[in-house]
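J.: Input structure: upload36.cif, which contains mmCIF, C-alpha atoms.
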```cif
data_input
loop_
_atom_site.label_atom_id
_atom_site.label_comp_id
_atom_site.auth_asym_id
_atom_site.auth_seq_id
_atom_site.Cartn_x
_atom_site.Cartn_y
_atom_site.Cartn_z
CA MET A 1368 126.13 173.21 162.50
CA ARG A 1369 122.64 172.08 163.40
CA TRP A 1370 122.96 168.70 161.69
CA GLN A 1371 126.68 168.04 162.14
CA SER A 1372 126.04 165.16 164.57
CA GLN A 1373 123.83 163.30 162.12
CA THR A 1374 125.07 160.10 160.50
CA LEU A 1375 124.67 159.21 156.85
CA ASP A 1376 124.54 155.81 155.20
CA ALA A 1377 125.08 155.37 151.50
CA GLU A 1378 122.58 153.59 149.30
CA ASP A 1379 124.83 150.51 149.09
CA GLY A 1380 123.29 147.66 151.03
CA ALA A 1381 119.85 149.26 151.22
CA LEU A 1382 116.80 147.07 151.15
CA PRO A 1383 115.66 146.41 147.56
CA GLY A 1384 112.35 148.15 148.18
CA LEU A 1385 114.09 151.35 149.22
CA SER A 1386 116.45 151.19 146.26
CA ARG A 1387 113.45 150.91 143.92
CA ALA A 1388 111.91 153.88 145.70
CA GLY A 1389 114.76 156.15 144.58
CA LEU A 1390 116.84 156.15 147.76
CA VAL A 1391 119.44 158.92 147.93
CA ARG A 1392 120.67 158.59 151.50
CA THR A 1393 119.73 157.38 154.95
CA VAL A 1394 119.95 159.85 157.84
CA ARG A 1395 119.98 159.50 161.61
CA THR A 1396 120.18 162.45 163.99
CA PRO A 1397 120.11 162.79 167.79
CA GLU A 1398 117.27 165.28 167.52
CA PHE A 1399 115.07 162.41 166.33
CA GLU A 1400 116.30 159.62 168.56
CA GLY A 1401 115.18 156.20 167.37
CA ILE A 1402 114.05 157.51 163.97
CA THR A 1403 115.78 156.76 160.67
CA PHE A 1404 115.01 158.90 157.64
CA HIS A 1405 115.32 157.43 154.15
CA GLU A 1406 115.47 160.32 151.70
CA VAL A 1407 114.18 159.45 148.24
CA LEU A 1408 113.65 161.26 144.97
CA CYS A 1409 110.15 160.57 143.72
CA LYS A 1410 109.24 160.53 140.05
CA SER A 1411 105.61 161.43 140.71
CA ALA A 1412 103.84 163.36 143.46
CA LEU A 1413 100.21 163.08 142.43
CA ASN A 1414 98.59 159.71 143.12
CA ARG A 1415 95.41 158.85 141.23
CA VAL A 1416 92.59 157.34 143.30
CA PRO A 1417 91.21 154.13 141.79
CA GLU A 1418 88.14 154.54 139.59
CA GLY A 1419 84.88 153.88 141.39
CA ALA A 1420 86.13 154.82 144.84
CA ASN A 1421 83.45 156.58 146.86
CA VAL A 1422 85.51 159.61 147.87
CA PRO A 1423 85.20 163.34 147.10
CA PHE A 1424 88.64 163.51 145.48
CA ARG A 1425 90.53 161.72 142.72
CA TRP A 1426 94.07 162.70 143.66
CA THR A 1427 96.27 162.48 146.74
CA VAL A 1428 99.78 163.58 147.70
CA ASN A 1429 101.77 161.67 150.32
CA PRO A 1430 105.07 163.41 151.11
CA MET A 1431 106.23 160.57 153.38
CA ARG A 1432 105.70 156.89 154.06
CA GLY A 1433 105.78 155.53 157.59
CA CYS A 1434 104.74 157.65 160.56
CA SER A 1435 106.32 158.43 163.90
CA HIS A 1436 102.87 158.95 165.42
CA ALA A 1437 103.15 155.18 166.04
CA CYS A 1438 99.37 154.67 166.35
CA ARG A 1439 98.83 150.99 167.05
CA TYR A 1440 95.67 150.99 164.91
CA CYS A 1441 97.01 152.79 161.81
CA PHE A 1442 95.51 151.25 158.66
CA ALA A 1443 98.49 152.27 156.50
CA ARG A 1444 101.00 149.98 158.21
CA GLY A 1445 100.87 147.38 155.45
CA THR A 1446 102.19 149.85 152.87
CA HIS A 1447 105.64 149.64 154.49
CA GLU A 1448 105.89 146.02 153.46
CA TYR A 1449 106.07 147.13 149.81
CA LEU A 1450 109.47 148.57 150.73
CA ASP A 1451 110.67 145.35 152.40
CA LEU A 1452 110.21 146.99 155.81
CA ASP A 1453 107.92 145.61 158.51
CA ALA A 1454 104.56 147.02 159.41
CA GLY A 1455 105.34 147.28 163.13
CA ARG A 1456 108.42 149.01 164.52
CA ASP A 1457 109.76 149.87 161.07
CA PHE A 1458 106.57 151.72 160.17
CA ASP A 1459 106.97 153.82 163.32
CA SER A 1460 110.69 154.49 163.01
CA GLN A 1461 111.81 154.07 159.37
CA ILE A 1462 110.39 157.17 157.68
CA VAL A 1463 110.67 157.47 153.91
CA VAL A 1464 110.77 161.12 152.85
CA LYS A 1465 110.17 162.37 149.30
CA THR A 1466 112.54 165.31 149.50
CA ASN A 1467 111.70 166.60 146.01
CA VAL A 1468 107.94 166.18 146.29
CA ALA A 1469 107.09 169.90 146.08
CA ALA A 1470 109.15 170.43 142.92
CA VAL A 1471 107.71 167.35 141.24
CA LEU A 1472 104.19 168.37 142.25
CA ARG A 1473 104.65 171.86 140.83
CA LYS A 1474 105.75 170.37 137.51
CA GLU A 1475 102.76 168.00 137.41
CA LEU A 1476 100.30 170.77 138.27
CA GLY A 1477 101.75 172.90 135.49
CA ARG A 1478 100.79 170.46 132.76
CA ARG A 1479 98.13 171.60 130.33
CA SER A 1480 96.21 168.40 131.02
CA TRP A 1481 95.79 169.20 134.74
CA ARG A 1482 92.13 170.01 135.46
CA ARG A 1483 92.56 171.48 138.95
CA GLU A 1484 90.68 168.66 140.62
CA PRO A 1485 90.72 168.50 144.45
CA VAL A 1486 93.81 166.96 146.02
CA ALA A 1487 93.82 165.30 149.45
CA LEU A 1488 96.76 165.20 151.86
CA GLY A 1489 96.88 162.88 154.85
CA THR A 1490 95.12 159.90 153.29
CA ASN A 1491 98.01 157.53 154.02
CA THR A 1492 100.43 158.90 156.61
CA ASP A 1493 100.31 162.24 158.38
CA PRO A 1494 101.96 165.10 156.44
CA TYR A 1495 102.46 166.99 159.72
CA GLN A 1496 104.20 164.24 161.66
CA ARG A 1497 107.42 165.25 163.45
CA ALA A 1498 109.59 164.76 160.36
CA GLU A 1499 107.88 167.73 158.74
CA GLY A 1500 109.65 169.92 161.29
CA ARG A 1501 112.96 168.85 159.75
CA TYR A 1502 112.08 168.64 156.06
CA ARG A 1503 109.50 171.43 155.71
CA LEU A 1504 107.82 169.86 152.69
CA MET A 1505 104.31 171.19 153.27
CA PRO A 1506 104.91 174.91 152.56
CA GLY A 1507 106.16 174.06 149.06
CA ILE A 1508 103.25 171.68 148.51
CA ILE A 1509 100.71 174.26 149.68
CA ARG A 1510 102.20 176.97 147.47
CA ALA A 1511 102.28 174.68 144.43
CA LEU A 1512 98.62 173.75 144.88
CA THR A 1513 97.54 177.33 145.52
CA GLU A 1514 99.45 178.90 142.65
CA SER A 1515 98.03 176.31 140.24
CA GLY A 1516 94.47 177.03 141.38
CA THR A 1517 94.01 173.53 142.81
CA PRO A 1518 91.60 172.96 145.75
CA PHE A 1519 93.02 170.78 148.51
CA SER A 1520 92.25 169.19 151.86
CA ILE A 1521 94.43 168.20 154.81
CA LEU A 1522 93.74 165.54 157.43
CA THR A 1523 96.17 165.51 160.36
CA LYS A 1524 96.87 164.85 164.03
CA GLY A 1525 99.96 167.04 163.84
CA THR A 1526 100.08 170.40 165.56
CA LEU A 1527 103.00 171.38 163.29
CA LEU A 1528 100.21 172.60 161.03
CA ARG A 1529 100.06 175.72 163.24
CA ARG A 1530 103.37 176.82 161.69
CA ASP A 1531 101.68 176.99 158.28
CA LEU A 1532 98.44 178.61 159.43
CA PRO A 1533 99.27 182.02 157.86
CA LEU A 1534 100.12 180.29 154.58
CA LEU A 1535 96.93 178.22 154.69
CA THR A 1536 94.84 181.30 155.48
CA SER A 1537 96.33 183.04 152.47
CA ALA A 1538 95.78 179.95 150.30
CA ALA A 1539 92.11 179.80 151.32
CA ARG A 1540 91.60 183.21 149.72
CA GLU A 1541 92.65 181.75 146.38
CA VAL A 1542 91.34 178.17 146.38
CA PRO A 1543 88.98 176.04 148.51
CA VAL A 1544 90.96 174.63 151.47
CA SER A 1545 89.48 172.04 153.83
CA ILE A 1546 91.18 171.06 157.09
CA ALA A 1547 90.22 168.12 159.31
CA MET A 1548 91.75 167.11 162.62
CA SER A 1549 91.75 163.61 164.10
CA ILE A 1550 90.97 163.48 167.82
CA ALA A 1551 89.66 160.16 169.09
CA ILE A 1552 90.98 159.81 172.65
CA LEU A 1553 90.88 162.20 175.61
CA ASP A 1554 92.15 159.83 178.29
CA GLU A 1555 95.86 160.61 178.74
CA ASP A 1556 96.95 157.10 179.70
CA LEU A 1557 95.16 155.52 176.75
CA HIS A 1558 96.48 158.22 174.45
CA HIS A 1559 100.09 157.57 175.49
CA SER A 1560 99.63 153.83 175.09
CA LEU A 1561 97.83 153.74 171.75
CA GLU A 1562 99.23 156.75 169.87
CA PRO A 1563 102.45 157.63 171.72
CA GLY A 1564 104.00 159.80 169.02
CA THR A 1565 101.06 162.14 168.52
CA PRO A 1566 100.56 165.57 170.08
CA SER A 1567 98.36 165.53 173.15
CA PRO A 1568 94.57 165.74 172.76
CA ARG A 1569 94.67 169.18 174.42
CA ALA A 1570 97.24 170.45 171.92
CA ARG A 1571 95.07 169.25 169.04
CA LEU A 1572 91.98 170.87 170.53
CA ASP A 1573 93.93 174.12 170.85
CA LEU A 1574 94.79 173.86 167.16
CA VAL A 1575 91.11 173.36 166.30
CA ARG A 1576 90.41 176.62 168.11
CA ALA A 1577 93.20 178.41 166.22
CA LEU A 1578 91.90 177.10 162.91
CA ALA A 1579 88.33 178.10 163.73
CA ASP A 1580 89.49 181.57 164.78
CA ALA A 1581 91.28 181.84 161.43
CA GLY A 1582 87.99 181.18 159.64
CA PHE A 1583 88.24 177.49 158.78
CA ALA A 1584 85.19 175.24 159.14
CA VAL A 1585 87.05 172.46 160.91
CA ASN A 1586 85.82 168.89 160.71
CA VAL A 1587 87.04 166.48 163.40
CA LEU A 1588 87.37 162.76 162.92
CA VAL A 1589 86.64 161.00 166.19
CA ALA A 1590 88.27 157.97 164.72
CA PRO A 1591 88.84 155.25 165.10
CA VAL A 1592 86.38 154.44 167.84
CA ILE A 1593 87.97 151.50 169.63
CA PRO A 1594 85.43 148.90 170.78
CA CYS A 1595 85.13 148.49 174.54
CA LEU A 1596 87.70 151.22 175.17
CA THR A 1597 86.48 154.47 173.62
CA ASP A 1598 82.89 153.66 172.64
CA GLY A 1599 81.28 154.43 176.00
CA ARG A 1600 78.65 157.13 175.99
CA ALA A 1601 80.47 159.20 178.62
CA HIS A 1602 83.72 159.13 176.66
CA LEU A 1603 82.09 160.04 173.35
CA ASP A 1604 80.05 162.76 175.01
CA ALA A 1605 83.21 164.25 176.50
CA VAL A 1606 85.07 164.11 173.16
CA PHE A 1607 82.24 165.73 171.20
CA GLY A 1608 81.78 168.34 173.92
CA ALA A 1609 85.46 169.28 173.86
CA ILE A 1610 85.46 169.43 170.07
CA ALA A 1611 82.40 171.66 169.98
CA GLU A 1612 83.85 173.93 172.65
CA ALA A 1613 87.04 174.26 170.59
CA GLY A 1614 85.00 175.62 167.69
CA ALA A 1615 84.80 172.68 165.30
CA ARG A 1616 82.03 172.94 162.72
CA SER A 1617 81.37 169.21 162.34
CA ALA A 1618 82.51 165.77 163.43
CA VAL A 1619 82.25 162.16 162.36
CA ALA A 1620 82.96 158.93 164.22
CA PHE A 1621 83.51 155.41 162.95
CA PRO A 1622 84.80 152.11 164.34
CA MET A 1623 88.34 150.82 164.08
CA HIS A 1624 89.14 148.41 161.28
CA LEU A 1625 92.05 145.96 161.43
CA ARG A 1626 93.29 145.14 157.97
CA GLY A 1627 96.35 143.06 157.15
CA SER A 1628 99.40 143.60 159.34
CA THR A 1629 97.60 146.17 161.48
CA ARG A 1630 95.43 143.43 162.96
CA GLY A 1631 98.31 141.53 164.53
CA TRP A 1632 100.08 144.70 165.64
CA PHE A 1633 96.99 145.99 167.44
CA LEU A 1634 95.95 142.65 168.91
CA SER A 1635 99.43 142.17 170.38
CA TRP A 1636 98.94 145.48 172.18
CA LEU A 1637 95.48 144.39 173.32
CA ALA A 1638 96.82 141.08 174.64
CA GLU A 1639 99.39 142.94 176.72
CA HIS A 1640 97.19 145.72 178.08
CA HIS A 1641 93.62 144.37 177.97
CA PRO A 1642 93.76 140.57 177.63
CA ALA A 1643 90.21 140.17 178.92
CA LEU A 1644 88.96 141.85 175.72
CA LEU A 1645 90.51 139.39 173.29
CA ARG A 1646 87.47 137.11 173.25
CA ARG A 1647 85.17 140.04 172.56
CA TYR A 1648 87.39 141.19 169.71
CA ARG A 1649 87.36 137.76 168.13
CA GLN A 1650 83.58 138.08 168.04
CA LEU A 1651 83.50 141.66 166.77
CA TYR A 1652 86.08 141.07 164.02
CA ARG A 1653 85.11 137.52 163.12
CA ARG A 1654 84.36 138.61 159.56
CA GLY A 1655 87.89 139.93 159.05
CA ALA A 1656 89.07 143.53 159.01
CA TYR A 1657 85.79 145.16 159.99
CA VAL A 1658 83.47 145.01 162.96
CA THR A 1659 80.16 143.23 162.60
CA PRO A 1660 77.26 145.15 161.01
CA GLU A 1661 75.46 144.92 164.35
CA TYR A 1662 78.22 146.81 166.12
CA SER A 1663 78.39 149.44 163.38
CA ALA A 1664 74.65 150.04 163.66
CA TRP A 1665 74.88 150.21 167.45
CA LEU A 1666 77.67 152.79 167.26
CA ARG A 1667 75.79 154.94 164.74
CA ALA A 1668 72.78 154.96 167.02
CA ARG A 1669 74.96 156.06 169.93
CA VAL A 1670 76.82 158.75 168.00
CA ALA A 1671 73.97 160.42 166.11
CA PRO A 1672 72.17 161.99 169.09
CA LEU A 1673 75.47 163.13 170.60
CA LEU A 1674 76.44 164.89 167.39
CA ALA A 1675 73.06 166.60 167.34
CA GLU A 1676 73.29 167.53 171.02
CA HIS A 1677 76.65 169.23 170.53
CA GLY A 1678 75.74 170.88 167.23
CA LEU A 1679 78.29 168.93 165.21
CA THR A 1680 76.51 168.18 161.97
CA ALA A 1681 78.33 165.39 160.16
CA ARG A 1682 79.36 166.23 156.64
CA GLY A 1683 78.52 164.05 153.70
CA ARG A 1684 81.69 161.96 153.91
CA PRO A 1685 82.10 158.42 152.59
CA GLU A 1686 82.29 155.44 154.88
CA PRO A 1687 85.73 155.46 156.52
CA GLU A 1688 86.67 151.97 155.43
CA THR A 1689 86.12 153.09 151.85
CA ARG A 1690 88.44 156.05 152.34
CA ALA A 1691 91.03 153.81 153.93
CA GLU A 1692 90.77 151.24 151.16
CA THR A 1693 91.20 154.05 148.65
CA ALA A 1694 94.36 155.34 150.27
CA HIS A 1695 95.73 151.81 150.54
CA ALA A 1696 94.93 150.94 146.97
CA SER A 1697 96.24 154.19 145.49
CA ASP A 1698 99.56 153.76 147.26
CA ALA A 1699 99.82 150.16 146.08
CA GLN A 1700 99.44 151.41 142.52
CA LEU A 1701 102.36 153.81 142.96
CA ALA A 1702 104.73 150.85 142.47
CA LEU A 1703 107.00 151.96 145.28
CA PHE A 1704 107.12 155.67 144.43
CA ALA A 1705 107.72 155.05 140.75
#
```
Could you write out this structure as structure tokens?

T.:
Amino acid sequence: MRWQSQTLDAEDGALPGLSRAGLVRTVRTPEFEGITFHEVLCKSALNRVPEGANVPFRWTVNPMRGCSHACRYCFARGTHEYLDLDAGRDFDSQIVVKTNVAAVLRKELGRRSWRREPVALGTNTDPYQRAEGRYRLMPGIIRALTESGTPFSILTKGTLLRRDLPLLTSAAREVPVSIAMSIAILDEDLHHSLEPGTPSPRARLDLVRALADAGFAVNVLVAPVIPCLTDGRAHLDAVFGAIAEAGARSAVAFPMHLRGSTRGWFLSWLAEHHPALLRRYRQLYRRGAYVTPEYSAWLRARVAPLLAEHGLTARGRPEPETRAETAHASDAQLALFA
């Protein structure tokens, strides 16, 4: 059998955070070497966004927690600490999977009180990370949203989305469907070092083309822009040019923020690979998680003419740090998948 070589651990001895999350079993399989899956039964699938958040949606769905993309800069790393796991290696390799999320979502969407408000996927961790190839949660989620008449959006770096393109195309005939890709780095060496578990930039650009050919107005997040490494004009020009050539309708770029545990995890990488930049980073991030206003203004001035030159009109999206704060806060309010 396909999974006969997997190993299972019982719930006994699990970390308290995982037990509170509804842990059913822990799974390891050779097909995902170095990855441990913690399968949980969630009580709720829809997460309410905090009141007052400046985002175009009030609800999110996160089928998993943790992400094998292993992006050194991921803002969601701190959410793993709510499960008594660490925000570094554990976030990359200890993946919590809500195996019943589609069924729970369908039940919640069927309530008379549901107003069919837009739902966002990909606000915390990527719903099309590699684990989706094993668990196939997204088709059930997409069908539940579509059949209930609920508009939805997806943000991803995962080319597994291509598998569901026919389903998404069909869904878009019934409800508004928005798809955004994240492509921030073209340099192969930097890509492998900073986001080693993600599909290649070329693979993601090919998916943008497939989505555009299918009729989707694809938005691309050139994010985060990493100071002193990916903020050069030549690099940004090349990224926007490749995105436009792939058929994207719009793009947006914003600087990296380093909140909580992510700060130490990223700076340890920087110290190893680019130690000469540490002093500059202490200046840029002296206020805390976010770059100085001067740098933000400088980056906007650099990006705006490039977007115009490549015909990538930025959509009216909220400031990225606000979106990130929203995802972080909404997950904190979930009380460990309660």

J.: Env of segment 1557-1559 of chain A: 10 Å cut, atoms = all atoms listed in the file, seq-sep filter 6 positions within chain, self excluded. Answer as number ranges by chain.

T.: A: 1438, 1551, 1565-1568, 1596-1597

J.: Residues within 9 Å of segment 1525-1538 of chain A, please, as a PyMOL selection string. Count only C-alpha atoms; anything in the same chain fewer than 2 positions from it doesn't count.

T.: chain A and resi 1436+1493-1497+1499-1500+1505-1506+1509-1510+1512-1514+1523+1540-1544+1548-1549+1565-1566+1570-1571+1573-1574+1577-1578+1581-1583

J.: From the list A:Tyr1657, A:Tyr1652, A:Tyr1449, A:Phe1404, which residue is nearest Ser1435 of chain A when using all atoms listed in the file?

T.: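 Closest to Ser1435 of chain A, using all atoms listed in the file: A:Phe1404.
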
J.: Given the file shown, enumerate the residues that the PyMOL selection byres ((chain A and resi 1430) around 10) captures and present them as a ChimeraX atom specification.

T.: /A:1409,1412-1413,1427-1429,1431-1432,1463-1469,1488-1489,1491-1495,1499,1504-1505,1508

J.: Convert the output of the PyMOL selection byres ((chain A and resi 1666) around 12) on the shown file into explicit residues, formatted as number ranges by chain.

T.: A: 1591-1595, 1597-1600, 1603, 1619-1623, 1658-1665, 1667-1673

J.: As an exercise, work out the distance from atom CA of Ala1420 of chain A to atom CA of Asn1586 of chain A in Å and give it to one decimal place.

T.: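 It comes out at 21.2 Å.
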
J.: Please measure the separation of atom CA of Leu1625 of chain A and atom CA of Phe1442 of chain A, giving the value in Å to one decimal.

T.: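 Here the two named atoms are 6.9 Å from each other.
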
J.: So, with only C-alpha atoms as the atoms that count, which of A:Ala1470, A:Ala1539, A:Cys1434, A:Ala1605 lies closest to Gly1455 of chain A?

T.: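 Closest candidate: A:Cys1434.
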
J.: Measure the distance from atom CA of Ile1521 of chain A to atom CA of Val1486 of chain A in Å and round it to one decimal.

T.: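 So the two atoms, atom CA of Ile1521 of chain A and atom CA of Val1486 of chain A, lie 8.9 Å apart.
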
J.: With the PyMOL selection byres ((chain A and resi 1628-1631) around 9) as the selection, what would be picked from this file? Answer as a PyMOL selection string, please.

T.: chain A and resi 1439-1445+1453-1455+1624-1627+1632-1636+1656

J.: Using all atoms listed in the file, which of A:Ala1498, A:Asp1556, A:Ala1437, A:Gly1477 sits nearest His1405 of chain A?

T.: A:Ala1498

J.: So which one's closest to Arg1456 of chain A, A:Leu1472, A:Val1422, A:Ile1402, A:Ala1609? Using only C-alpha atoms, please.

T.: A:Ile1402

J.: Using the file's own x, y and z axes, what box holds all listed atoms of segment 1588-1607 of chain A with 4 Å on each side, keeping edges along x, y and z, and what are its centre and edge lengths in Å to one decimal, as lines of an AutoDock Vina configuration file?

T.:
```
center_x = 83.7
center_y = 157.1
center_z = 170.8
size_x = 18.2
size_y = 25.2
size_z = 23.7
```

J.: For Thr1393 of chain A, which residue out of A:Ser1545, A:Gln1461, A:Ser1480, A:Gln1650 is the nearest one, using all atoms listed in the file?

T.: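 Once distances to Thr1393 of chain A are computed over all atoms listed in the file, the minimum belongs to A:Gln1461.
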
J.: Out of A:Val1394, A:Arg1649, A:Pro1417, A:Leu1553, which residue has the shortest atom-to-atom distance to Leu1637 of chain A when counting all atoms listed in the file?

T.: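 Checking each of A:Val1394, A:Arg1649, A:Pro1417, A:Leu1553 against Leu1637 of chain A, counting all atoms listed in the file, the winner is A:Arg1649.
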
J.: Using only C-alpha atoms and a cutoff of 8 Å, can you tell me which residues are near (108.7, 151.9, 153.5) in the file's coordinates, and write them out as a PyMOL selection string?

T.: chain A and resi 1384-1385+1432-1433+1446-1452+1457-1458+1461-1463

J.: Export segment 1651-1660 of chain A, all heavy atoms, as a compact mmCIF listing (two decimals), in the first residue's frame; it's the structure right above.

T.:
```txt
# COMPACT_ATOMS: atom_id res chain seq x y z
N LEU A 1651 17.72 49.80 9.91
CA LEU A 1651 16.43 49.75 9.23
C LEU A 1651 15.30 49.30 10.14
O LEU A 1651 14.17 49.78 10.04
CB LEU A 1651 16.51 48.83 8.01
CG LEU A 1651 17.27 49.35 6.79
CD1 LEU A 1651 17.39 48.25 5.74
CD2 LEU A 1651 16.53 50.56 6.19
N TYR A 1652 15.58 48.38 11.04
CA TYR A 1652 14.57 47.81 11.92
C TYR A 1652 14.74 48.27 13.36
O TYR A 1652 14.34 47.57 14.29
CB TYR A 1652 14.60 46.28 11.83
CG TYR A 1652 14.13 45.76 10.48
CD1 TYR A 1652 15.03 45.56 9.44
CD2 TYR A 1652 12.79 45.50 10.24
CE1 TYR A 1652 14.62 45.10 8.20
CE2 TYR A 1652 12.35 45.04 9.01
CZ TYR A 1652 13.27 44.84 7.99
OH TYR A 1652 12.85 44.38 6.75
N ARG A 1653 15.28 49.45 13.54
CA ARG A 1653 15.52 49.94 14.90
C ARG A 1653 14.22 50.23 15.64
O ARG A 1653 14.19 50.27 16.87
CB ARG A 1653 16.39 51.20 14.86
CG ARG A 1653 15.77 52.41 14.16
CD ARG A 1653 16.72 53.60 14.18
NE ARG A 1653 16.18 54.78 13.53
CZ ARG A 1653 16.35 55.05 12.24
NH1 ARG A 1653 17.04 54.22 11.46
NH2 ARG A 1653 15.83 56.16 11.72
N ARG A 1654 13.13 50.41 14.91
CA ARG A 1654 11.85 50.68 15.56
C ARG A 1654 11.12 49.39 15.97
O ARG A 1654 10.08 49.44 16.60
CB ARG A 1654 10.94 51.48 14.61
CG ARG A 1654 11.44 52.90 14.34
CD ARG A 1654 10.66 53.55 13.21
NE ARG A 1654 11.07 54.94 13.01
CZ ARG A 1654 10.39 55.99 13.41
NH1 ARG A 1654 9.25 55.82 14.06
NH2 ARG A 1654 10.82 57.21 13.17
N GLY A 1655 11.65 48.25 15.56
CA GLY A 1655 11.01 46.98 15.91
C GLY A 1655 10.79 46.09 14.70
O GLY A 1655 11.73 45.78 13.97
N ALA A 1656 9.55 45.72 14.46
CA ALA A 1656 9.24 44.73 13.43
C ALA A 1656 9.30 45.29 12.02
O ALA A 1656 9.47 44.54 11.06
CB ALA A 1656 7.85 44.14 13.68
N TYR A 1657 9.17 46.61 11.88
CA TYR A 1657 9.01 47.19 10.56
C TYR A 1657 10.17 48.12 10.20
O TYR A 1657 10.80 48.71 11.07
CB TYR A 1657 7.69 47.97 10.48
CG TYR A 1657 6.51 47.11 10.84
CD1 TYR A 1657 5.86 47.25 12.06
CD2 TYR A 1657 6.06 46.12 9.97
CE1 TYR A 1657 4.80 46.43 12.41
CE2 TYR A 1657 5.00 45.30 10.30
CZ TYR A 1657 4.37 45.45 11.52
OH TYR A 1657 3.32 44.64 11.86
N VAL A 1658 10.41 48.22 8.91
CA VAL A 1658 11.46 49.12 8.44
C VAL A 1658 11.09 50.56 8.77
O VAL A 1658 9.93 50.87 9.06
CB VAL A 1658 11.68 48.97 6.92
CG1 VAL A 1658 12.27 47.62 6.59
CG2 VAL A 1658 10.38 49.22 6.16
N THR A 1659 12.06 51.43 8.68
CA THR A 1659 11.81 52.84 8.96
C THR A 1659 10.87 53.43 7.91
O THR A 1659 10.82 52.97 6.77
CB THR A 1659 13.12 53.63 8.95
OG1 THR A 1659 13.70 53.54 7.63
CG2 THR A 1659 14.09 53.09 9.99
N PRO A 1660 10.12 54.47 8.26
CA PRO A 1660 9.26 55.13 7.27
C PRO A 1660 10.05 55.64 6.07
O PRO A 1660 9.53 55.65 4.94
CB PRO A 1660 8.64 56.29 8.06
CG PRO A 1660 8.70 55.85 9.49
CD PRO A 1660 9.97 55.06 9.61
```
